[in-house]
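Chemist: I am sharing protein-v6.cif, which consists of mmCIF, C-alpha atoms and all ligand atoms:
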```
data_final
#
loop_
_atom_site.label_atom_id
_atom_site.label_comp_id
_atom_site.auth_asym_id
_atom_site.auth_seq_id
_atom_site.Cartn_x
_atom_site.Cartn_y
_atom_site.Cartn_z
CA MET S 1 87.33 69.73 197.47
CA LEU S 2 88.54 66.75 195.43
CA LYS S 3 92.19 67.05 194.55
CA ASN S 4 94.40 64.66 192.61
CA ILE S 5 91.99 61.82 193.20
CA LYS S 6 91.52 59.51 190.25
CA LEU S 7 88.18 58.83 188.64
CA ASN S 8 87.75 55.09 188.04
CA MET S 9 87.30 54.06 184.44
CA SER S 10 84.67 51.47 183.61
CA ARG S 11 82.45 50.36 180.76
CA ARG S 12 79.90 53.02 181.71
CA ILE S 13 82.48 55.68 180.88
CA ARG S 14 82.74 55.07 177.18
CA ARG S 15 85.96 55.38 175.19
CA THR S 16 85.92 56.82 171.67
CA PRO S 17 87.63 55.66 168.46
CA TYR S 18 90.25 58.36 169.14
CA THR S 19 90.91 57.72 172.85
CA GLY S 20 93.97 55.63 171.98
CA MET S 21 95.31 58.48 169.84
CA VAL S 22 94.81 61.16 172.52
CA GLU S 23 96.52 58.88 175.02
CA LYS S 24 99.49 58.61 172.63
CA HIS S 25 99.55 62.41 172.40
CA GLY S 26 99.86 62.64 176.18
CA VAL S 27 96.36 63.60 177.33
CA SER S 28 96.56 64.71 180.98
CA ASP S 29 92.89 65.02 182.02
CA PHE S 30 89.47 63.81 180.93
CA THR S 31 85.95 64.77 181.83
CA VAL S 32 82.81 62.76 181.09
CA VAL S 33 80.04 64.10 178.85
CA ASN S 34 77.09 61.98 177.71
CA HIS S 35 78.75 59.01 179.45
CA MET S 36 81.78 59.37 177.15
CA LEU S 37 85.35 60.58 177.63
CA LEU S 38 86.21 64.15 176.61
CA PRO S 39 89.89 65.19 176.83
CA LYS S 40 90.39 68.31 178.98
CA GLY S 41 94.09 68.94 178.54
CA PHE S 42 97.38 67.78 177.07
CA LYS S 43 100.96 68.69 177.91
CA ASN S 44 100.58 72.44 177.54
CA SER S 45 98.78 74.93 179.77
CA VAL S 46 95.28 76.16 178.89
CA GLU S 47 96.90 79.50 178.04
CA THR S 48 99.49 78.00 175.68
CA ASP S 49 96.72 75.99 173.99
CA TYR S 50 94.61 79.16 173.75
CA TRP S 51 97.32 81.04 171.83
CA HIS S 52 97.96 78.02 169.65
CA LEU S 53 94.24 77.67 168.86
CA SER S 54 94.01 81.34 167.91
CA LYS S 55 96.95 81.12 165.45
CA GLU S 56 97.27 77.56 164.17
CA VAL S 57 95.07 74.46 164.01
CA GLN S 58 94.06 71.79 166.49
CA ILE S 59 92.41 68.35 166.35
CA TRP S 60 89.83 67.63 169.06
CA ASP S 61 88.11 64.39 170.07
CA VAL S 62 84.56 65.65 170.62
CA SER S 63 82.91 62.25 170.19
CA CYS S 64 80.91 62.99 173.36
CA GLN S 65 78.81 65.27 171.17
CA ARG S 66 76.50 62.28 170.65
CA GLN S 67 73.98 62.24 167.84
CA VAL S 68 70.33 61.49 168.48
CA GLN S 69 69.18 60.32 165.06
CA ILE S 70 65.52 60.83 164.29
CA SER S 71 64.31 59.32 161.03
CA GLY S 72 61.07 58.23 159.42
CA PRO S 73 57.85 59.80 158.13
CA ASP S 74 57.18 61.79 161.33
CA ALA S 75 60.81 62.85 161.92
CA SER S 76 60.36 66.55 161.19
CA LYS S 77 57.12 66.62 163.17
CA LEU S 78 58.89 65.22 166.24
CA VAL S 79 61.95 67.46 165.90
CA GLN S 80 59.72 70.51 165.63
CA ARG S 81 57.86 69.47 168.79
CA LEU S 82 61.18 69.40 170.66
CA THR S 83 62.17 73.03 170.12
CA PRO S 84 60.76 76.57 170.02
CA ARG S 85 62.96 77.33 167.00
CA SER S 86 61.03 76.93 163.75
CA ILE S 87 62.49 74.37 161.34
CA THR S 88 59.89 75.08 158.63
CA LYS S 89 62.47 76.78 156.44
CA MET S 90 65.40 74.58 157.40
CA GLU S 91 67.07 73.09 154.33
CA THR S 92 69.01 69.87 154.04
CA GLY S 93 72.68 70.66 154.69
CA LYS S 94 71.98 73.21 157.44
CA CYS S 95 72.94 73.20 161.11
CA PHE S 96 70.67 74.98 163.60
CA TYR S 97 71.54 75.80 167.20
CA ILE S 98 68.32 74.90 169.06
CA PRO S 99 67.08 75.14 172.65
CA ILE S 100 65.26 72.05 173.97
CA LEU S 101 62.86 72.75 176.85
CA ASN S 102 60.98 70.75 179.44
CA GLU S 103 57.31 71.39 180.25
CA ASN S 104 58.26 74.32 182.51
CA ALA S 105 60.35 75.93 179.75
CA GLY S 106 63.49 74.87 181.61
CA MET S 107 66.47 74.23 179.35
CA ILE S 108 67.27 70.54 179.05
CA ASN S 109 69.78 70.81 176.21
CA ASP S 110 71.21 73.27 173.66
CA PRO S 111 72.26 71.03 170.78
CA VAL S 112 73.16 71.60 167.15
CA LEU S 113 70.49 70.15 164.85
CA LEU S 114 71.53 68.83 161.42
CA LYS S 115 69.05 68.18 158.66
CA LEU S 116 70.41 65.25 156.64
CA ASP S 117 67.22 64.81 154.62
CA ASP S 118 63.52 65.65 154.83
CA ASP S 119 63.00 62.59 157.02
CA MET S 120 66.39 62.35 158.74
CA PHE S 121 67.89 64.55 161.47
CA TRP S 122 70.80 64.43 163.88
CA ILE S 123 70.58 66.24 167.18
CA SER S 124 74.17 66.82 168.31
CA ILE S 125 73.63 67.01 172.04
CA ALA S 126 75.18 68.70 175.05
CA ASP S 127 75.36 66.78 178.32
CA SER S 128 71.87 65.38 178.95
CA ASP S 129 69.94 62.30 177.82
CA ILE S 130 67.81 63.54 174.93
CA LEU S 131 67.62 60.06 173.40
CA LEU S 132 65.25 58.85 176.15
CA TRP S 133 63.32 62.13 176.17
CA ALA S 134 62.69 61.97 172.41
CA LYS S 135 61.81 58.27 172.48
CA ALA S 136 59.32 58.67 175.30
CA TYR S 137 57.69 61.64 173.63
CA ALA S 138 57.45 59.81 170.28
CA LEU S 139 55.92 56.79 172.02
CA GLY S 140 53.41 58.99 173.83
CA LEU S 141 52.40 60.73 170.60
CA ASN S 142 52.42 57.45 168.67
CA LEU S 143 54.68 58.93 165.98
CA ASN S 144 56.10 56.94 163.10
CA VAL S 145 59.80 57.53 163.76
CA ASN S 146 62.94 55.63 164.46
CA ILE S 147 65.21 57.07 167.17
CA GLU S 148 68.70 55.82 167.87
CA GLU S 149 72.22 56.84 168.79
CA PRO S 150 74.25 56.00 165.66
CA ASP S 151 77.97 55.17 165.72
CA VAL S 152 78.98 58.74 164.87
CA TYR S 153 82.06 60.23 166.49
CA PRO S 154 82.60 63.93 165.81
CA LEU S 155 86.18 65.07 165.33
CA ALA S 156 86.71 68.84 165.41
CA ILE S 157 89.41 70.67 163.43
CA GLN S 158 89.61 74.18 164.88
CA GLY S 159 91.75 77.24 164.32
CA PRO S 160 92.57 79.71 161.53
CA LYS S 161 94.58 77.13 159.57
CA SER S 162 91.75 74.58 159.64
CA GLU S 163 90.49 75.47 156.17
CA ASN S 164 93.84 74.88 154.48
CA LEU S 165 94.31 71.63 156.35
CA MET S 166 90.83 70.41 155.47
CA ILE S 167 91.37 71.30 151.79
CA LYS S 168 94.49 69.15 151.82
CA VAL S 169 92.54 66.15 153.16
CA PHE S 170 89.12 66.57 151.52
CA GLY S 171 89.73 68.82 148.49
CA GLU S 172 88.81 72.33 147.34
CA ASP S 173 85.07 71.81 147.96
CA ILE S 174 85.79 72.48 151.64
CA LYS S 175 85.82 76.19 150.72
CA LYS S 176 82.17 75.96 149.70
CA ILE S 177 81.03 75.00 153.19
CA LYS S 178 79.67 78.11 154.92
CA PHE S 179 79.35 78.58 158.70
CA PHE S 180 76.71 76.24 160.16
CA ASN S 181 76.33 74.33 156.90
CA PHE S 182 77.60 70.86 156.07
CA ARG S 183 78.46 68.81 153.00
CA ILE S 184 78.98 65.13 152.39
CA MET S 185 82.68 64.58 151.68
CA ASP S 186 84.59 61.46 150.68
CA PHE S 187 87.16 59.85 152.96
CA GLU S 188 88.74 56.59 151.77
CA GLY S 189 85.60 55.70 149.85
CA THR S 190 83.25 56.50 152.75
CA LYS S 191 80.84 59.43 152.86
CA GLN S 192 81.33 61.76 155.80
CA VAL S 193 79.31 64.71 157.08
CA VAL S 194 81.64 67.71 157.31
CA ALA S 195 80.26 70.89 158.89
CA ARG S 196 81.76 74.32 159.35
CA SER S 197 81.16 74.63 163.08
CA GLY S 198 82.69 73.83 166.44
CA TYR S 199 82.85 74.76 170.07
CA SER S 200 85.31 77.63 169.57
CA LYS S 201 85.21 81.14 168.20
CA GLN S 202 87.89 80.33 165.62
CA ASP S 203 87.19 79.11 162.11
CA GLY S 204 86.73 75.37 162.18
CA PHE S 205 85.11 72.17 161.03
CA GLU S 206 83.45 69.17 162.56
CA ILE S 207 83.70 65.79 160.85
CA TYR S 208 80.80 63.62 162.01
CA PHE S 209 82.85 60.50 161.43
CA LYS S 210 80.95 57.29 160.84
CA ALA S 211 82.37 53.95 159.69
CA TYR S 212 79.39 53.28 157.46
CA ASP S 213 79.97 49.76 156.27
CA ASN S 214 80.16 46.88 158.67
CA HIS S 215 83.41 45.71 157.13
CA PHE S 216 85.17 48.77 158.51
CA ASP S 217 86.13 48.59 162.17
CA THR S 218 85.14 51.92 163.72
CA THR S 219 88.26 52.39 165.83
CA GLU S 220 90.58 51.37 163.00
CA MET S 221 88.87 53.75 160.58
CA GLY S 222 88.69 56.52 163.19
CA GLU S 223 92.39 56.22 163.89
CA LYS S 224 93.05 56.32 160.16
CA LEU S 225 91.11 59.57 159.91
CA TRP S 226 92.95 61.02 162.90
CA LYS S 227 96.36 59.98 161.50
CA THR S 228 95.57 61.31 158.03
CA ILE S 229 94.66 64.72 159.45
CA TRP S 230 97.57 64.65 161.86
CA ASP S 231 100.09 63.92 159.09
CA ALA S 232 98.58 66.52 156.75
CA GLY S 233 98.57 68.99 159.63
CA GLN S 234 102.31 68.88 160.26
CA GLU S 235 102.99 71.77 157.86
CA PHE S 236 100.31 73.79 159.70
CA ASN S 237 101.81 73.16 163.12
CA ILE S 238 98.82 71.07 164.23
CA SER S 239 98.51 70.08 167.87
CA PRO S 240 96.09 67.88 169.83
CA GLY S 241 93.57 69.97 171.73
CA CYS S 242 90.16 70.19 173.29
CA PRO S 243 87.50 72.83 173.85
CA ASN S 244 89.50 75.71 175.34
CA LEU S 245 88.08 77.38 178.44
CA ILE S 246 89.59 80.79 177.71
CA ASP S 247 88.39 80.86 174.10
CA ARG S 248 84.95 79.54 175.11
CA ILE S 249 84.38 82.10 177.86
CA GLU S 250 85.72 85.03 175.81
CA GLY S 251 83.39 83.96 172.99
CA GLY S 252 80.40 83.61 175.32
CA LEU S 253 79.81 79.97 174.37
CA MET S 254 77.74 78.43 177.15
CA SER S 255 78.10 74.98 178.65
CA TYR S 256 74.97 73.07 179.63
CA GLY S 257 75.09 71.87 183.23
CA ASN S 258 77.65 74.54 184.08
CA ASP S 259 76.41 77.94 182.93
CA PHE S 260 72.75 76.96 182.86
CA THR S 261 70.59 74.00 183.88
CA ASN S 262 66.95 72.93 183.72
CA GLU S 263 66.35 75.61 186.36
CA ASN S 264 66.91 78.24 183.66
CA ASN S 265 64.71 79.25 180.77
CA PRO S 266 66.11 80.10 177.31
CA LEU S 267 65.58 83.84 177.74
CA GLU S 268 67.84 83.81 180.79
CA CYS S 269 70.42 82.13 178.52
CA ASN S 270 70.25 84.87 175.85
CA LEU S 271 68.56 82.47 173.40
CA GLU S 272 65.51 84.67 172.65
CA GLN S 273 66.42 84.74 168.95
CA TYR S 274 65.50 81.03 168.81
CA CYS S 275 62.26 81.49 170.76
CA LYS S 276 60.11 83.77 168.61
CA PRO S 277 56.72 84.27 170.28
CA GLU S 278 54.94 84.38 166.90
CA VAL S 279 55.70 80.80 165.78
CA ASN S 280 52.63 78.67 165.05
CA HIS S 281 53.95 75.22 165.88
CA GLU S 282 53.38 73.32 169.13
CA TYR S 283 56.40 72.43 171.24
CA ILE S 284 57.13 71.20 174.75
CA GLY S 285 57.26 74.16 177.12
CA LYS S 286 55.32 76.58 174.89
CA GLU S 287 52.69 77.58 177.46
CA ALA S 288 55.27 78.07 180.20
CA LEU S 289 57.54 80.06 177.89
CA LYS S 290 54.64 82.30 176.84
CA LEU S 291 54.08 83.27 180.47
CA ILE S 292 57.77 84.06 180.89
CA GLN S 293 57.79 86.05 177.64
CA ASN S 294 54.85 88.10 178.92
CA ASN S 295 56.08 88.58 182.48
CA GLY S 296 59.78 89.08 181.74
CA ILE S 297 62.80 87.39 183.27
CA LYS S 298 64.47 87.97 186.64
CA GLN S 299 68.05 87.13 185.73
CA LYS S 300 70.28 86.46 182.72
CA ILE S 301 73.75 85.37 181.72
CA ARG S 302 76.29 88.18 181.47
CA GLY S 303 80.04 88.51 181.25
CA ILE S 304 82.08 89.66 184.23
CA ILE S 305 85.62 91.04 184.21
CA PHE S 306 87.27 90.85 187.62
CA GLU S 307 90.53 91.86 189.32
CA GLY S 308 93.17 89.97 191.23
CA ASN S 309 95.64 87.16 190.68
CA PRO S 310 95.14 85.12 187.53
CA CYS S 311 92.45 82.56 188.19
CA SER S 312 93.26 79.11 186.77
CA GLY S 313 89.69 77.97 186.11
CA ILE S 314 87.02 77.60 188.76
CA GLY S 315 85.82 74.19 189.96
CA GLN S 316 82.63 75.46 191.60
CA PRO S 317 80.44 78.55 191.23
CA LEU S 318 81.70 81.78 192.81
CA PRO S 319 79.16 84.14 194.44
CA VAL S 320 78.75 87.57 192.85
CA LEU S 321 77.91 90.32 195.36
CA SER S 322 76.49 93.82 195.04
CA LYS S 323 78.22 96.85 196.56
CA ASP S 324 76.03 96.39 199.65
CA ASN S 325 77.08 92.75 199.95
CA LYS S 326 73.91 91.08 198.70
CA GLN S 327 74.35 87.97 196.52
CA ILE S 328 73.15 88.91 193.04
CA GLY S 329 74.40 85.94 191.06
CA GLN S 330 77.24 83.51 190.56
CA ILE S 331 80.13 82.96 188.17
CA THR S 332 79.73 79.51 186.66
CA SER S 333 82.74 79.45 184.31
CA GLY S 334 85.75 81.64 184.97
CA ILE S 335 89.42 81.94 184.06
CA TYR S 336 92.21 84.45 183.42
CA SER S 337 92.19 85.88 179.90
CA PRO S 338 95.71 86.63 178.68
CA ARG S 339 94.23 88.84 175.95
CA ILE S 340 92.02 90.99 178.19
CA LYS S 341 94.66 90.67 180.93
CA LYS S 342 91.98 90.26 183.59
CA ASN S 343 89.95 87.38 184.98
CA ILE S 344 86.72 86.79 183.09
CA GLY S 345 83.61 84.78 183.81
CA LEU S 346 80.13 83.81 182.66
CA SER S 347 77.51 84.48 185.30
CA MET S 348 73.78 84.45 185.89
CA ILE S 349 72.96 87.94 187.27
CA LEU S 350 69.77 89.39 188.78
CA LYS S 351 67.91 92.00 186.76
CA ASP S 352 68.62 95.06 188.93
CA TYR S 353 72.36 94.44 188.52
CA TRP S 354 72.75 93.16 184.94
CA GLY S 355 73.34 96.61 183.41
CA ILE S 356 76.57 96.87 181.38
CA GLY S 357 79.26 98.61 183.44
CA GLU S 358 77.67 97.76 186.80
CA SER S 359 80.28 97.40 189.57
CA ILE S 360 80.13 94.15 191.53
CA PHE S 361 82.32 91.94 193.72
CA VAL S 362 83.33 88.34 193.12
CA GLN S 363 83.82 86.23 196.22
CA MET S 364 86.65 83.73 195.86
CA LEU S 365 86.59 80.32 197.57
CA ASP S 366 88.82 81.62 200.39
CA GLY S 367 86.40 84.50 201.01
CA GLU S 368 88.51 87.19 199.31
CA LYS S 369 86.35 89.79 197.55
CA ARG S 370 87.49 91.10 194.20
CA ARG S 371 86.23 94.09 192.26
CA GLY S 372 84.49 93.37 188.97
CA THR S 373 82.35 94.84 186.19
CA ILE S 374 79.39 93.49 184.21
CA THR S 375 80.07 93.26 180.45
CA THR S 376 78.40 92.11 177.26
CA LEU S 377 78.84 88.67 175.71
CA PRO S 378 80.92 87.83 173.79
CA PHE S 379 83.58 89.76 175.69
CA PRO S 380 84.65 93.01 173.97
CA LYS S 381 87.48 92.45 171.45
N1 LIG B 401 79.18 71.10 168.08
C1 LIG B 401 78.36 70.05 167.91
N2 LIG B 401 77.59 69.59 168.89
C2 LIG B 401 77.62 70.20 170.10
C3 LIG B 401 78.44 71.31 170.33
C4 LIG B 401 79.26 71.76 169.27
N3 LIG B 401 76.84 69.73 171.09
C5 LIG B 401 77.05 70.20 172.42
C6 LIG B 401 77.39 71.65 172.51
N4 LIG B 401 78.45 71.95 171.54
C7 LIG B 401 76.16 72.46 172.20
N5 LIG B 401 76.34 73.86 172.47
C8 LIG B 401 76.72 74.77 171.49
C9 LIG B 401 76.89 76.07 171.87
C10 LIG B 401 77.25 77.02 170.92
C11 LIG B 401 77.45 76.64 169.61
C12 LIG B 401 77.31 75.33 169.25
C13 LIG B 401 76.92 74.39 170.19
C14 LIG B 401 77.82 77.64 168.56
N6 LIG B 401 77.25 78.83 168.60
C15 LIG B 401 77.60 79.87 167.68
C16 LIG B 401 77.79 81.15 168.45
O1 LIG B 401 77.20 81.30 169.51
O2 LIG B 401 78.59 81.97 167.99
C17 LIG B 401 76.61 80.09 166.55
C18 LIG B 401 75.21 79.72 166.82
C19 LIG B 401 74.28 80.03 165.66
O3 LIG B 401 74.62 79.96 164.50
O4 LIG B 401 73.15 80.39 165.95
O5 LIG B 401 78.59 77.36 167.67
O6 LIG B 401 80.05 72.72 169.40
N7 LIG B 401 78.33 69.45 166.73
#
```
Can the structure in the file be given as structure tokens, please?

Modeler:
Amino acid sequence: MLKNIKLNMSRRIRRTPYTGMVEKHGVSDFTVVNHMLLPKGFKNSVETDYWHLSKEVQIWDVSCQRQVQISGPDASKLVQRLTPRSITKMETGKCFYIPILNENAGMINDPVLLKLDDDMFWISIADSDILLWAKAYALGLNLNVNIEEPDVYPLAIQGPKSENLMIKVFGEDIKKIKFFNFRIMDFEGTKQVVARSGYSKQDGFEIYFKAYDNHFDTTEMGEKLWKTIWDAGQEFNISPGCPNLIDRIEGGLMSYGNDFTNENNPLECNLEQYCKPEVNHEYIGKEALKLIQNNGIKQKIRGIIFEGNPCSGIGQPLPVLSKDNKQIGQITSGIYSPRIKKNIGLSMILKDYWGIGESIFVQMLDGEKRRGTITTLPFPK
């Protein structure tokens, strides 16, 4: 296993307008998502950050949530072809969580879709290259669209005090933004997309920061936004943060590439509510998904609570075993929950064993077997 070995930085690993700020705040680790840096930790432990996130407010550089902008006369036609979720009734100002499938109904992304106008969408992607996928498909279909990755750098403000902080910076209209909706808000004379959303189970917002005019330098303006929020956040005990593993797992928020891959279909990922069999529109993977919908699935993502010493986050999947020692799945994200006071994990589990309350064993990297139980997602409060 790799330990304490540095990852070399290069131009291919893109910095964000806020990277300088997170470095000043003492970032300790990064990961790379969509070829861009994502902070993974600061000075405090994941557990300290977890408690802070659940009580206060944090500022996160989630610029790696890249936008695939689809605009033009055929924009909605293309977007609809990319997902089983119907966008017929989607209004401007809405955010939709959408599965994107390949031709075998394998998941290739689980982004948030924003409708900016009837002919303008942003697909806020997880870690896979949807830009090329969408471009190739549009070329093949000869659609009249423009597809690009705009200079948009999402900044997340998460935690129960996020609303009061955002009101201080953007005004009372912040209160009018409902969950998974966005509004255009003013910052220093620029128009910014501000959504009530984020990769945590706390209240929170995402500012899809863009330095619209060419006369604004993106990094300068981004740092200004960060500093403005940071200064306003002092009275709310703001701290720098990042998507928190404990909060994410407790909340059952899945991570593409970790908890599921293109080997998995959306039903295995508990996304059936976005894959209604009765929709009329064509989309990539429809035939394959129909077969799966008719035949049923063999495995799905469940929660697991397991015993033993607090687990500090797992670097590779851990086998899940039945009572008679057969491998029945694997934990793909796991950590100790200080609230549940047990280790918890997200895991893909075979059908015969996915019943709630089923007793299982988790095999640690050193071979130790620990008792565990299958639970619902999100984890019980
Ligand atoms: N915000 C934005 N873009 C993103 C993410 C994000 N892109 C990558 C990644 N995260 C995509 N994955 C998710 C997963 C879950 C949610 C959002 C993005 C999420 N789900 C809610 C839930 O499960 O409770 C609600 C979903 C719904 O309304 O249907 O928030 O975080 N911009």

Chemist: Which of these residues is nearest to Val57 in chain S, using only C-alpha atoms: S:Thr19, S:Gln316, S:Ser239, S:Ser71?

Modeler: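 Answer, going by the shortest atom-to-atom distance: S:Ser239.
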
Chemist: Here is a test: counting all atoms listed in the file, which residue of S:Asp110, S:Glu250, S:Glu223, S:Glu148 is nearest to ligand LIG 401 (chain B)?

Modeler: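 Checking each candidate against ligand LIG 401 (chain B), we get S:Asp110 as the closest.
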
Chemist: What does the list of residues within 6 Å of ligand LIG 401 (chain B) look like if you count all atoms listed in the file, written as a list of chain:residue names?

Modeler: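 Residues satisfying the distance criterion: S:Gln65, S:Tyr97, S:Asp110, S:Pro111, S:Val112, S:Ser124, S:Ile125, S:Ala126, S:Ser197, S:Gly198, S:Tyr199, S:Leu253, S:Met254.
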
Chemist: With only C-alpha atoms as the atoms that count, which of S:Lys55, S:Arg12, S:Leu318, S:Cys242 lies nearest to Phe30 in chain S?

Modeler: S:Cys242

Chemist: Report, in Å to a single decimal, how far apart CA of Lys300 in chain S and CA of Lys351 in chain S are.

Modeler: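 For CA of Lys351 in chain S relative to CA of Lys300 in chain S, the distance reads 7.3 Å.
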
Chemist: Rank nothing, just name the residue among S:Pro99, S:Pro160, S:Gly41, S:Pro240 nearest to Ile130 in chain S, using all atoms listed in the file.

Modeler: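 Residue with the minimum atom-to-atom distance to Ile130 in chain S: S:Pro99.
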
Chemist: With distances taken over all atoms listed in the file, which of S:Gly285, S:Gln58, S:Val193, S:Ser359 is nearest to Ile100 in chain S?

Modeler: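 With all atoms listed in the file as the atom set, the closest residue is S:Gly285.
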
Chemist: Rank S:Ser162, S:Asn309, S:Asn325, S:Ser333 by their smallest atom-to-atom distance to Arg248 in chain S, using only C-alpha atoms, and report the top residue only.

Modeler: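 Of the candidates, the smallest distance to Arg248 in chain S is held by S:Ser333.
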
Chemist: Using CA of Lys168 in chain S and CA of Gly26 in chain S as the two end points, give the distance in Å to one decimal.

Modeler: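 Between CA of Lys168 in chain S and CA of Gly26 in chain S the gap is 25.8 Å.
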
Chemist: Skipping near chain neighbours, those fewer than 6 positions away, what residues fall within 8 Å of Gln158 in chain S using only C-alpha atoms, listed as a count of residues only?

Modeler: 11

Chemist: Please list as a ChimeraX atom specification every residue within 9 Å of Ile304 in chain S, counting only C-alpha atoms and excluding residues in the same chain fewer than 2 positions away.

Modeler: /S:302,306,331,334,343-347,360,372-376,379
